[in-house]
file my_file_16.cif (mmCIF, C-alpha atoms)
data_target
#
loop_
_atom_site.label_atom_id
_atom_site.label_comp_id
_atom_site.auth_asym_id
_atom_site.auth_seq_id
_atom_site.Cartn_x
_atom_site.Cartn_y
_atom_site.Cartn_z
CA MET A 56 0.00 0.00 0.00
CA LYS A 57 1.43 3.36 -1.04
CA ILE A 58 0.69 6.35 1.16
CA PHE A 59 0.79 9.86 -0.29
CA PHE A 60 0.18 13.21 1.40
CA THR A 61 -1.75 16.14 0.07
CA ASP A 62 -2.41 19.77 1.02
CA CYS A 63 -5.80 19.67 -0.68
CA PHE A 64 -8.21 16.92 -1.75
CA ASP A 65 -9.64 19.09 -4.53
CA THR A 66 -7.22 17.35 -6.92
CA ILE A 67 -9.58 14.37 -7.03
CA GLN A 68 -12.86 16.33 -6.74
CA LEU A 69 -13.50 14.39 -3.55
CA LEU A 70 -15.76 16.84 -1.73
CA ASP A 71 -18.16 17.24 -4.66
CA THR A 72 -18.47 13.46 -4.98
CA LEU A 73 -19.33 12.92 -1.31
CA GLY A 74 -22.24 15.32 -1.60
CA SER A 75 -21.97 16.45 2.02
CA PRO A 76 -20.39 19.47 3.73
CA PHE A 77 -17.07 17.82 4.59
CA ILE A 78 -14.01 19.96 5.30
CA SER A 79 -10.67 19.56 3.52
CA PHE A 80 -7.30 20.92 4.64
CA ASP A 81 -6.15 24.24 3.18
CA LYS A 82 -2.41 24.86 3.59
CA LYS A 83 -3.09 28.59 4.01
CA SER A 84 -4.79 27.85 7.33
CA LEU A 85 -1.30 27.17 8.75
CA TYR A 86 0.35 30.27 7.29
CA PRO A 87 2.79 31.82 8.19
CA PHE A 88 4.37 28.50 9.24
CA THR A 89 3.78 26.73 5.93
CA PHE A 90 4.96 29.55 3.68
CA LEU A 91 8.39 27.94 3.38
CA LYS A 92 7.88 24.34 4.42
CA SER A 93 5.48 21.47 4.04
CA CYS A 94 3.00 20.85 6.82
CA LEU A 95 4.77 17.50 7.24
CA ASP A 96 7.87 19.34 8.44
CA LEU A 97 6.12 21.14 11.29
CA ARG A 98 7.21 19.90 14.72
CA VAL A 99 4.31 18.88 16.95
CA GLY A 100 5.79 17.60 20.20
CA VAL A 101 9.25 16.05 19.88
CA LEU A 102 8.97 14.99 16.24
CA THR A 103 7.80 16.59 13.03
CA LEU A 104 4.76 15.06 11.33
CA ARG A 105 7.07 13.53 8.73
CA GLU A 106 9.24 11.93 11.43
CA LYS A 107 6.15 10.58 13.19
CA TRP A 108 4.92 8.92 9.98
CA GLN A 109 8.37 7.43 9.36
CA LYS A 110 8.32 5.91 12.85
CA ILE A 111 4.77 4.59 12.62
CA VAL A 112 4.58 3.46 8.97
CA SER A 113 7.35 0.89 9.08
CA GLY A 114 8.00 -1.01 5.85
CA HIS A 115 5.64 1.06 3.72
CA ASP A 116 6.32 3.58 0.98
CA VAL A 117 5.62 7.11 2.25
CA GLN A 118 5.73 9.91 -0.31
CA TYR A 119 4.53 13.49 -0.70
CA LEU A 120 1.67 13.72 -3.17
CA LEU A 121 2.21 15.29 -6.57
CA ALA A 122 -0.83 16.48 -8.50
CA SER A 123 -0.28 13.79 -11.15
CA GLU A 124 -0.41 10.89 -8.70
CA ASN A 125 -3.67 9.01 -9.30
CA GLU A 126 -2.69 5.39 -8.88
CA GLU A 127 -5.66 3.05 -8.37
CA GLY A 128 -5.81 1.92 -4.73
CA ALA A 129 -3.26 4.42 -3.46
CA VAL A 130 -4.03 6.06 -0.12
CA TRP A 131 -4.03 9.85 0.14
CA VAL A 132 -3.66 11.35 3.60
CA SER A 133 -4.25 14.97 4.58
CA ALA A 134 -0.84 16.45 5.41
CA ASN A 135 -2.13 18.16 8.57
CA VAL A 136 -3.26 14.98 10.33
CA VAL A 137 -1.09 13.88 13.26
CA PRO A 138 -0.28 10.17 12.81
CA SER A 139 -1.08 7.54 15.41
CA ALA A 140 -1.29 3.76 15.54
CA GLY A 141 -5.09 3.95 15.55
CA LEU A 142 -5.15 6.20 12.51
CA LEU A 143 -2.78 3.92 10.61
CA ALA A 144 -4.92 0.89 11.43
CA ALA A 145 -8.01 2.69 10.14
CA ILE A 146 -6.18 3.68 6.93
CA ARG A 147 -5.13 0.09 6.31
CA ARG A 148 -8.76 -1.00 6.55
CA LEU A 149 -9.87 1.37 3.79
CA ASN A 150 -11.33 -0.15 0.65
CA ARG A 151 -11.09 1.63 -2.70
CA GLY A 152 -13.44 4.60 -2.66
CA ASP A 153 -13.53 4.84 1.15
CA VAL A 154 -12.99 8.27 2.70
CA LEU A 155 -11.89 8.40 6.33
CA VAL A 156 -13.43 11.34 8.22
CA HIS A 157 -13.47 12.67 11.76
CA GLU A 158 -16.24 15.04 12.85
CA GLY A 159 -16.73 16.18 9.26
CA TYR A 160 -13.02 16.60 8.53
CA VAL A 161 -11.44 14.56 5.72
CA LEU A 162 -8.45 12.58 7.00
CA ALA A 163 -7.66 10.17 4.17
CA CYS A 164 -9.10 8.33 1.22
CA ARG A 165 -8.28 5.35 -0.96
CA TYR A 166 -8.26 6.46 -4.56
CA THR A 167 -10.47 4.89 -7.18
CA HIS A 168 -10.71 5.65 -10.89
CA SER A 169 -14.48 5.20 -10.64
CA GLY A 170 -14.81 8.52 -8.82
CA HIS A 171 -17.38 7.10 -6.37
CA TYR A 172 -16.53 7.75 -2.71
CA CYS A 173 -18.18 6.90 0.59
CA ALA A 174 -17.41 8.54 3.95
CA ARG A 175 -16.35 6.37 6.91
CA GLU A 176 -16.14 7.83 10.42
CA ILE A 177 -12.92 6.79 12.14
CA GLY A 178 -14.59 6.38 15.52
CA GLU A 179 -11.69 7.57 17.67
CA LYS A 180 -9.97 10.82 18.60
CA VAL A 181 -7.52 12.16 16.02
CA HIS A 182 -5.25 15.19 16.37
CA ILE A 183 -5.54 17.59 13.42
CA LEU A 184 -3.76 20.86 12.70
CA LYS A 185 -6.82 22.85 11.66
CA GLY A 186 -5.33 26.25 12.51
CA VAL A 187 -2.10 27.74 13.82
CA GLU A 188 -3.33 27.59 17.43
CA ASP A 189 -3.35 23.79 17.25
CA LEU A 190 0.45 23.87 17.08
CA PHE A 191 0.63 24.95 20.73
CA LEU A 192 -2.61 23.29 21.85
CA LEU A 193 -1.38 19.83 20.83
CA THR A 194 2.22 20.20 21.99
CA GLY A 195 1.82 18.73 25.48
CA ALA A 196 -0.20 15.70 24.35
CA GLU A 197 2.15 15.03 21.44
CA ILE A 198 5.25 15.24 23.65
CA GLU A 199 3.55 12.54 25.73
CA ASN A 200 2.87 10.43 22.63
CA ASP A 201 6.35 10.91 21.18
CA PHE A 202 7.97 10.10 24.51
CA LYS A 203 6.13 6.75 24.57
CA LEU A 204 7.16 6.15 20.96
CA LEU A 205 10.84 7.01 21.43
CA VAL A 206 11.68 6.12 25.03
CA GLN A 207 11.39 2.48 25.99
CA ASP A 208 12.85 2.77 29.50
CA ALA A 209 11.83 5.95 31.31
CA ARG A 210 13.92 6.29 34.45
CA VAL A 211 15.79 8.77 36.58
CA PRO A 212 19.07 9.46 34.76
CA THR A 213 22.44 9.94 36.40
CA VAL A 214 23.10 13.68 36.57
CA SER A 215 25.11 16.04 38.72
CA ALA A 216 24.02 16.12 42.36
CA THR A 217 23.48 19.87 42.08
CA ASN A 218 20.30 19.21 40.06
CA GLN A 219 16.89 18.30 41.48
CA LEU A 220 14.81 15.80 39.51
CA LEU A 221 11.16 15.12 40.34
CA GLY A 222 9.49 12.01 38.95
CA ASN A 223 11.09 9.49 36.60
CA ARG A 224 9.88 10.40 33.11
CA PHE A 225 13.10 11.71 31.62
CA TYR A 226 15.20 11.24 28.54
CA ILE A 227 18.51 13.07 28.70
CA ALA A 228 20.81 12.54 25.70
CA ASP A 229 24.59 12.65 25.55
CA LYS A 230 26.62 15.81 26.12
CA VAL A 231 23.93 17.67 28.05
CA SER A 232 25.32 20.33 30.38
CA MET A 233 23.27 21.36 33.42
CA GLU A 234 23.96 22.35 37.02
CA CYS A 235 21.63 23.65 39.77
CA VAL A 236 18.53 22.96 37.65
CA THR A 237 15.06 21.75 38.68
CA LEU A 238 13.37 19.27 36.33
CA ASN A 239 9.79 18.27 37.20
CA SER A 240 8.44 15.32 35.20
CA LEU A 241 5.48 14.78 37.54
CA THR A 242 3.43 17.01 35.23
CA GLY A 243 4.66 15.34 32.01
CA PRO A 244 7.77 13.83 30.40
CA ILE A 245 10.91 15.83 29.74
CA TYR A 246 12.94 14.99 26.62
CA ILE A 247 16.33 16.71 26.38
CA ASP A 248 18.21 16.16 23.12
CA GLU A 249 21.97 16.12 22.46
CA ASP A 250 24.29 19.04 23.27
CA VAL A 251 21.67 20.98 25.25
CA THR A 252 22.90 23.50 27.83
CA ILE A 253 20.69 24.40 30.79
CA MET A 254 22.19 27.14 32.93
CA GLU A 255 21.95 27.51 36.70
CA GLY A 256 18.69 28.37 38.39
CA ALA A 257 16.39 27.22 35.58
CA HIS A 258 13.09 25.62 36.61
CA LEU A 259 11.57 23.32 33.98
CA ARG A 260 8.31 21.37 34.01
CA GLY A 261 7.08 18.75 31.60
CA PRO A 262 5.74 18.09 29.10
CA LEU A 263 8.88 19.61 27.58
CA TYR A 264 11.14 19.05 24.59
CA LEU A 265 14.52 20.75 24.21
CA GLY A 266 16.00 20.25 20.72
CA LYS A 267 19.59 19.51 19.78
CA GLY A 268 21.99 22.22 20.86
CA ALA A 269 19.30 24.32 22.56
CA VAL A 270 20.31 26.68 25.37
CA VAL A 271 18.19 27.53 28.42
CA LYS A 272 19.42 30.72 30.09
CA MET A 273 20.00 31.32 33.81
CA GLY A 274 16.85 31.57 35.90
CA ALA A 275 14.51 30.59 33.06
CA THR A 276 11.03 29.39 34.01
CA ILE A 277 9.33 26.92 31.66
CA TYR A 278 5.86 25.92 32.81
CA GLY A 279 5.32 22.96 30.48
CA ASN A 280 3.62 22.13 27.18
CA VAL A 281 6.68 23.66 25.51
CA SER A 282 8.75 22.53 22.52
CA VAL A 283 12.06 24.27 21.73
CA GLY A 284 13.80 23.63 18.40
CA GLU A 285 17.38 22.94 17.38
CA GLN A 286 19.97 25.45 18.61
CA SER A 287 17.32 27.83 19.88
CA VAL A 288 17.98 29.96 22.96
CA VAL A 289 15.29 30.54 25.59
CA GLY A 290 15.02 32.55 28.78
CA GLY A 291 12.46 34.36 30.92
CA GLU A 292 8.99 32.82 31.31
CA ILE A 293 7.56 30.40 28.74
CA GLY A 294 4.43 28.27 28.82
CA ASN A 295 2.23 26.44 26.31
CA SER A 296 4.41 27.50 23.38
CA VAL A 297 6.40 26.23 20.41
CA ILE A 298 9.71 27.76 19.37
CA GLY A 299 11.21 26.71 16.03
CA ASP A 300 14.82 25.98 15.07
CA PHE A 301 17.64 28.55 15.40
CA SER A 302 15.39 31.09 17.13
CA ALA A 303 16.09 33.21 20.20
CA LYS A 304 13.90 34.30 23.07
CA GLY A 305 16.89 34.56 25.34
CA HIS A 306 15.93 37.33 27.75
CA HIS A 307 13.37 38.20 30.38
CA GLY A 308 9.78 38.57 29.28
CA TYR A 309 6.73 36.32 29.00
CA LEU A 310 5.80 34.06 26.08
CA GLY A 311 2.57 32.10 26.42
CA CYS A 312 0.15 30.18 24.18
CA SER A 313 2.29 31.14 21.20
CA VAL A 314 4.16 29.75 18.19
CA ILE A 315 7.47 31.20 17.01
CA GLY A 316 8.91 30.11 13.64
CA ASP A 317 12.49 29.30 12.62
CA TRP A 318 15.34 31.84 12.68
CA CYS A 319 13.38 34.39 14.73
CA ASN A 320 14.66 36.77 17.40
CA LEU A 321 12.69 38.34 20.23
CA GLY A 322 14.50 41.29 21.75
CA ALA A 323 15.11 41.69 25.49
CA GLY A 324 11.95 42.42 27.45
CA THR A 325 9.59 41.21 24.74
CA SER A 326 6.29 39.93 26.18
CA ASN A 327 2.95 38.85 24.79
CA SER A 328 -0.58 38.93 26.11
CA ASN A 329 -2.53 35.69 25.91
CA LEU A 330 -5.70 36.71 27.76
CA LYS A 331 -8.09 39.57 27.03
CA ASN A 332 -9.05 41.89 29.90
CA ASN A 333 -12.75 41.30 29.18
CA LEU A 334 -12.27 37.50 29.25
CA LYS A 335 -13.78 37.12 25.79
CA THR A 336 -12.56 34.59 23.24
CA VAL A 337 -9.59 35.54 21.08
CA SER A 338 -9.79 36.21 17.34
CA ILE A 339 -6.76 35.93 15.05
CA TYR A 340 -6.00 36.71 11.41
CA ASP A 341 -6.49 33.60 9.25
CA TYR A 342 -4.71 33.60 5.87
CA ALA A 343 -7.16 31.04 4.45
CA LEU A 344 -10.09 33.36 5.20
CA ASN A 345 -8.19 36.57 4.45
CA GLY A 346 -9.72 37.91 7.63
CA ASP A 347 -10.24 37.33 11.33
CA ARG A 348 -11.41 34.06 12.85
CA ASP A 349 -12.64 33.48 16.38
CA THR A 350 -10.48 30.71 17.88
CA GLY A 351 -12.97 30.04 20.65
CA LEU A 352 -10.05 30.19 23.09
CA LEU A 353 -9.81 32.38 26.17
CA LYS A 354 -6.02 32.08 26.06
CA CYS A 355 -4.26 32.60 22.75
CA GLY A 356 -0.97 34.44 22.27
CA SER A 357 1.19 35.28 19.25
CA PHE A 358 2.12 33.58 15.97
CA ILE A 359 5.36 34.77 14.38
CA GLY A 360 6.67 33.55 11.01
CA ASP A 361 10.23 32.57 10.06
CA TYR A 362 13.05 35.14 9.90
CA THR A 363 11.10 37.78 11.84
CA ARG A 364 12.80 39.99 14.45
CA LEU A 365 11.32 42.00 17.29
CA GLY A 366 13.19 44.85 18.96
CA ILE A 367 13.73 45.23 22.71
CA ASN A 368 10.68 45.72 24.93
CA SER A 369 8.31 44.70 22.16
CA THR A 370 4.70 44.25 23.28
CA LEU A 371 2.43 41.77 21.53
CA ASN A 372 -1.33 41.94 21.86
CA THR A 373 -3.58 38.93 22.40
CA GLY A 374 -3.90 36.93 19.16
CA THR A 375 -1.18 38.71 17.16
CA VAL A 376 -0.15 37.18 13.81
CA ILE A 377 3.09 38.29 12.13
CA GLY A 378 4.27 37.05 8.73
CA ILE A 379 7.73 35.96 7.66
CA GLY A 380 10.79 38.15 7.12
CA SER A 381 9.63 41.18 9.09
CA MET A 382 11.45 43.61 11.37
CA LEU A 383 9.45 45.20 14.21
CA ALA A 384 11.01 47.87 16.42
CA ASP A 385 8.32 49.76 18.32
CA THR A 386 7.71 49.92 22.07
CA SER A 387 3.92 50.25 21.80
CA PHE A 388 1.53 47.42 20.93
CA TYR A 389 1.96 46.17 17.38
CA ALA A 390 -1.01 45.71 15.08
CA LYS A 391 -2.74 42.35 15.55
CA PHE A 392 -1.77 41.43 11.99
CA VAL A 393 1.58 42.36 10.48
CA PRO A 394 2.18 41.15 6.89
CA SER A 395 5.33 39.45 5.64
CA PHE A 396 8.41 41.52 4.73
CA ALA A 397 7.26 44.47 6.84
CA TRP A 398 9.51 47.07 8.46
CA VAL A 399 7.71 48.55 11.49
CA PHE A 400 9.37 51.50 13.21
CA ASP A 401 8.20 54.61 15.05
CA GLY A 402 4.53 53.86 14.39
CA ASN A 403 5.01 53.40 10.64
CA THR A 404 4.90 50.25 8.53
CA GLN A 405 6.96 50.05 5.36
CA THR A 406 8.12 47.27 3.05
CA TYR A 407 11.40 45.67 4.12
CA ALA A 408 13.97 46.27 1.34
CA PHE A 409 14.44 42.74 0.02
CA ASP A 410 18.16 43.03 -0.71
CA LYS A 411 18.80 44.17 2.87
CA PHE A 412 16.62 41.38 4.21
CA MET A 413 18.52 38.74 2.20
CA ALA A 414 21.88 40.16 3.31
CA TYR A 415 20.68 39.77 6.91
CA VAL A 416 19.55 36.17 6.30
CA GLU A 417 22.89 35.27 4.70
CA ALA A 418 24.72 36.68 7.74
CA LEU A 419 22.34 34.85 10.06
CA TYR A 420 23.08 31.48 8.47
CA THR A 421 26.81 32.15 8.53
CA SER A 422 26.64 32.96 12.24
CA LYS A 423 25.23 29.47 12.89
CA GLY A 424 27.65 27.71 10.56
CA LYS A 425 24.87 26.97 8.08
CA VAL A 426 24.54 27.54 4.34
CA LEU A 427 21.48 29.26 2.93
CA SER A 428 20.24 27.00 0.15
CA GLU A 429 19.25 28.21 -3.30
CA GLN A 430 15.86 26.59 -2.78
CA ILE A 431 15.12 28.78 0.26
CA LYS A 432 16.45 31.86 -1.56
CA ASP A 433 14.09 31.17 -4.46
CA LYS A 434 11.10 30.62 -2.17
CA LEU A 435 11.78 33.85 -0.28
CA ASN A 436 12.14 35.74 -3.55
CA GLN A 437 8.86 34.32 -4.88
CA LEU A 438 7.02 35.16 -1.67
CA ASN A 439 8.40 38.68 -1.65
CA LYS A 440 7.18 39.25 -5.20
CA LYS A 441 3.78 37.77 -4.37
CA TYR A 442 3.10 39.80 -1.24
CA ASN A 443 4.81 43.09 -2.12
#

call {"tool": "encode", "arguments": {"input": "my_file_16.cif", "output": "structure tokens"}}
result
Amino acid sequence: MKIFFTDCFDTIQLLDTLGSPFISFDKKSLYPFTFLKSCLDLRVGVLTLREKWQKIVSGHDVQYLLASENEEGAVWVSANVVPSAGLLAAIRRLNRGDVLVHEGYVLACRYTHSGHYCAREIGEKVHILKGVEDLFLLTGAEIENDFKLLVQDARVPTVSATNQLLGNRFYIADKVSMECVTLNSLTGPIYIDEDVTIMEGAHLRGPLYLGKGAVVKMGATIYGNVSVGEQSVVGGEIGNSVIGDFSAKGHHGYLGCSVIGDWCNLGAGTSNSNLKNNLKTVSIYDYALNGDRDTGLLKCGSFIGDYTRLGINSTLNTGTVIGIGSMLADTSFYAKFVPSFAWVFDGNTQTYAFDKFMAYVEALYTSKGKVLSEQIKDKLNQLNKKYN
């Protein structure tokens, strides 16, 4: 059985055939985080969706769907569905023409040349990235799931006696440096990857993932349901949040119920609001709707795309969405939606000069010992032309 992944089931006219108001994934609903990468490469927990599928679908051919793929009997899976053993079992039971759905949302289908499809309810809970807020909402549960998938023998590791470990749900990889640190796994597992540095006085609660080479600054407070990417630097207060690879929130300030992309920097003192004073639900800008959408959440913070920088003492309102490649340097509240490639300074918003932006990105990669690929350059150039 071949499994393909798609950003949209419209390629097989599936929704029209079913004749019912089923919902299909739209990649734009996860902008700005899918501007530059596939949904499969978003980290949800410890692993990306692609890595989860590779772990779960052992011995099967997993590919990313191209528009021309229409092989009889092939299984198409929505790229925003979080894999699980139960989901895989349900997919394997699909007959040709069966469409797997969950609460009206299309999860997968088995292709048939006949064009006749029938919906089948999966009958169990499935995690789906329907909007950007799901990236932080699912983080704690998916760290739990990934920990069970990756760690066969959870136990108290041997660490320096200066540290205090609570519970026994830990994975601490090689070459981790930490002294005078509190790790509390009673609230959820803690997975610390290779070459992580945790400085003195940090207090960390699970569920928590610290990616390869990540740095936790002195006195940091991490409340749990947090995932920190490769070589990212974190400090201050963080809770219920996702921070991508090579990003920095290294100073004091609060980050809650938020998602930060790759290669971002939050200046010293940057804080976000995640709760409205009137205790009403939070609305955010949704790229798929080209307008605001009520999340239904009382607590919802900020969503910041790749390569975006915020100056010192930046203040982010509840439900702020910022695109990719922007530079924000005001000390008052930013607008709740800031487009990509924006230069915000002294109350004014201008277009970020693309040549200056690219020079910054080149320097950024060099500072981390990385090479900026031609593919990323081309994507950034295309996006700049599209949105400016």

call {"tool": "residues_around", "arguments": {"input": "my_file_16.cif", "residues": "stretch 393-407 of chain A", "least_positions_apart": "2", "cutoff": "10 Å", "atoms": "all atoms listed in the file", "output": "ChimeraX atom specification"}}
result
/A:87,340,359-366,375-391,409-412,435,438-439,442-443

call {"tool": "axis_aligned_box", "arguments": {"input": "my_file_16.cif", "around": "stretch 179-188 of chain A", "padding_each_side": "3 Å", "output": "lines of an AutoDock Vina configuration file"}}
result
center_x = -6.9
center_y = 17.7
center_z = 15.1
size_x = 15.6
size_y = 26.2
size_z = 12.9

call {"tool": "closest_residue", "arguments": {"input": "my_file_16.cif", "among": "A:Pro76, A:Gly195, A:Gly128, A:Gly316", "to": "A:Tyr166", "atoms": "only C-alpha atoms"}}
result
A:Gly128

call {"tool": "residues_near_point", "arguments": {"input": "my_file_16.cif", "point": "(-4.9, 18.8, 17.5)", "cutoff": "10 Å", "atoms": "only C-alpha atoms", "output": "short mmCIF file (atom, residue, chain, number, x, y, z; two decimals) with C-alpha atoms, in the coordinates of the input"}}
result
data_model
loop_
_atom_site.label_atom_id
_atom_site.label_comp_id
_atom_site.auth_asym_id
_atom_site.auth_seq_id
_atom_site.Cartn_x
_atom_site.Cartn_y
_atom_site.Cartn_z
CA VAL A 99 4.31 18.88 16.95
CA ASN A 135 -2.13 18.16 8.57
CA VAL A 136 -3.26 14.98 10.33
CA VAL A 137 -1.09 13.88 13.26
CA LYS A 180 -9.97 10.82 18.60
CA VAL A 181 -7.52 12.16 16.02
CA HIS A 182 -5.25 15.19 16.37
CA ILE A 183 -5.54 17.59 13.42
CA LEU A 184 -3.76 20.86 12.70
CA LYS A 185 -6.82 22.85 11.66
CA GLY A 186 -5.33 26.25 12.51
CA GLU A 188 -3.33 27.59 17.43
CA ASP A 189 -3.35 23.79 17.25
CA LEU A 190 0.45 23.87 17.08
CA PHE A 191 0.63 24.95 20.73
CA LEU A 192 -2.61 23.29 21.85
CA LEU A 193 -1.38 19.83 20.83
CA THR A 194 2.22 20.20 21.99
CA ALA A 196 -0.20 15.70 24.35
CA GLU A 197 2.15 15.03 21.44
#

call {"tool": "closest_atom_pairs", "arguments": {"input": "my_file_16.cif", "of": "stretch 240-288 of chain A", "to": "stretch 292-304 of chain A", "cutoff": "8 Å", "atoms": "all atoms listed in the file", "output": "Markdown table"}}
result
| residue | atom | partner | partner_atom | distance |
| --- | --- | --- | --- | --- |
| A:Ala275 | CA | A:Glu292 | CA | 6.2 |
| A:Thr276 | CA | A:Glu292 | CA | 4.8 |
| A:Ile277 | CA | A:Ile293 | CA | 4.9 |
| A:Tyr278 | CA | A:Gly294 | CA | 4.8 |
| A:Gly279 | CA | A:Gly294 | CA | 5.6 |
| A:Asn280 | CA | A:Asn295 | CA | 4.6 |
| A:Val281 | CA | A:Ser296 | CA | 4.9 |
| A:Ser282 | CA | A:Val297 | CA | 4.9 |
| A:Val283 | CA | A:Ile298 | CA | 4.8 |
| A:Gly284 | CA | A:Asp300 | CA | 4.2 |
| A:Glu285 | CA | A:Asp300 | CA | 4.6 |
| A:Gln286 | CA | A:Phe301 | CA | 5.0 |
| A:Ser287 | CA | A:Phe301 | CA | 4.5 |
| A:Val288 | CA | A:Ala303 | CA | 4.7 |

call {"tool": "atom_distance", "arguments": {"input": "my_file_16.cif", "atom1": "atom CA of A:Gln437", "atom2": "atom CA of A:Leu419"}}
result
20.1 Å

call {"tool": "residues_around", "arguments": {"input": "my_file_16.cif", "residues": "A:Cys355", "least_positions_apart": "2", "cutoff": "8 Å", "atoms": "all atoms listed in the file", "output": "PyMOL selection string"}}
result
chain A and resi 188+311-313+329-330+337+352-353+357+373-374

call {"tool": "decode", "arguments": {"input": "my_file_16.cif", "residues": "stretch 96-110 of chain A", "atoms": "C-alpha atoms", "output": "PDB file, in the first residue's frame"}}
result
ATOM      1  CA  ASP A  96       7.875  19.340   8.439  1.00  0.00           C
ATOM      2  CA  LEU A  97       6.123  21.137  11.294  1.00  0.00           C
ATOM      3  CA  ARG A  98       7.209  19.895  14.723  1.00  0.00           C
ATOM      4  CA  VAL A  99       4.312  18.876  16.950  1.00  0.00           C
ATOM      5  CA  GLY A 100       5.787  17.604  20.195  1.00  0.00           C
ATOM      6  CA  VAL A 101       9.253  16.052  19.882  1.00  0.00           C
ATOM      7  CA  LEU A 102       8.971  14.994  16.240  1.00  0.00           C
ATOM      8  CA  THR A 103       7.799  16.592  13.025  1.00  0.00           C
ATOM      9  CA  LEU A 104       4.762  15.060  11.335  1.00  0.00           C
ATOM     10  CA  ARG A 105       7.074  13.529   8.732  1.00  0.00           C
ATOM     11  CA  GLU A 106       9.244  11.934  11.428  1.00  0.00           C
ATOM     12  CA  LYS A 107       6.147  10.578  13.192  1.00  0.00           C
ATOM     13  CA  TRP A 108       4.924   8.924   9.980  1.00  0.00           C
ATOM     14  CA  GLN A 109       8.368   7.429   9.356  1.00  0.00           C
ATOM     15  CA  LYS A 110       8.320   5.911  12.846  1.00  0.00           C
TER      16      LYS A 110
END
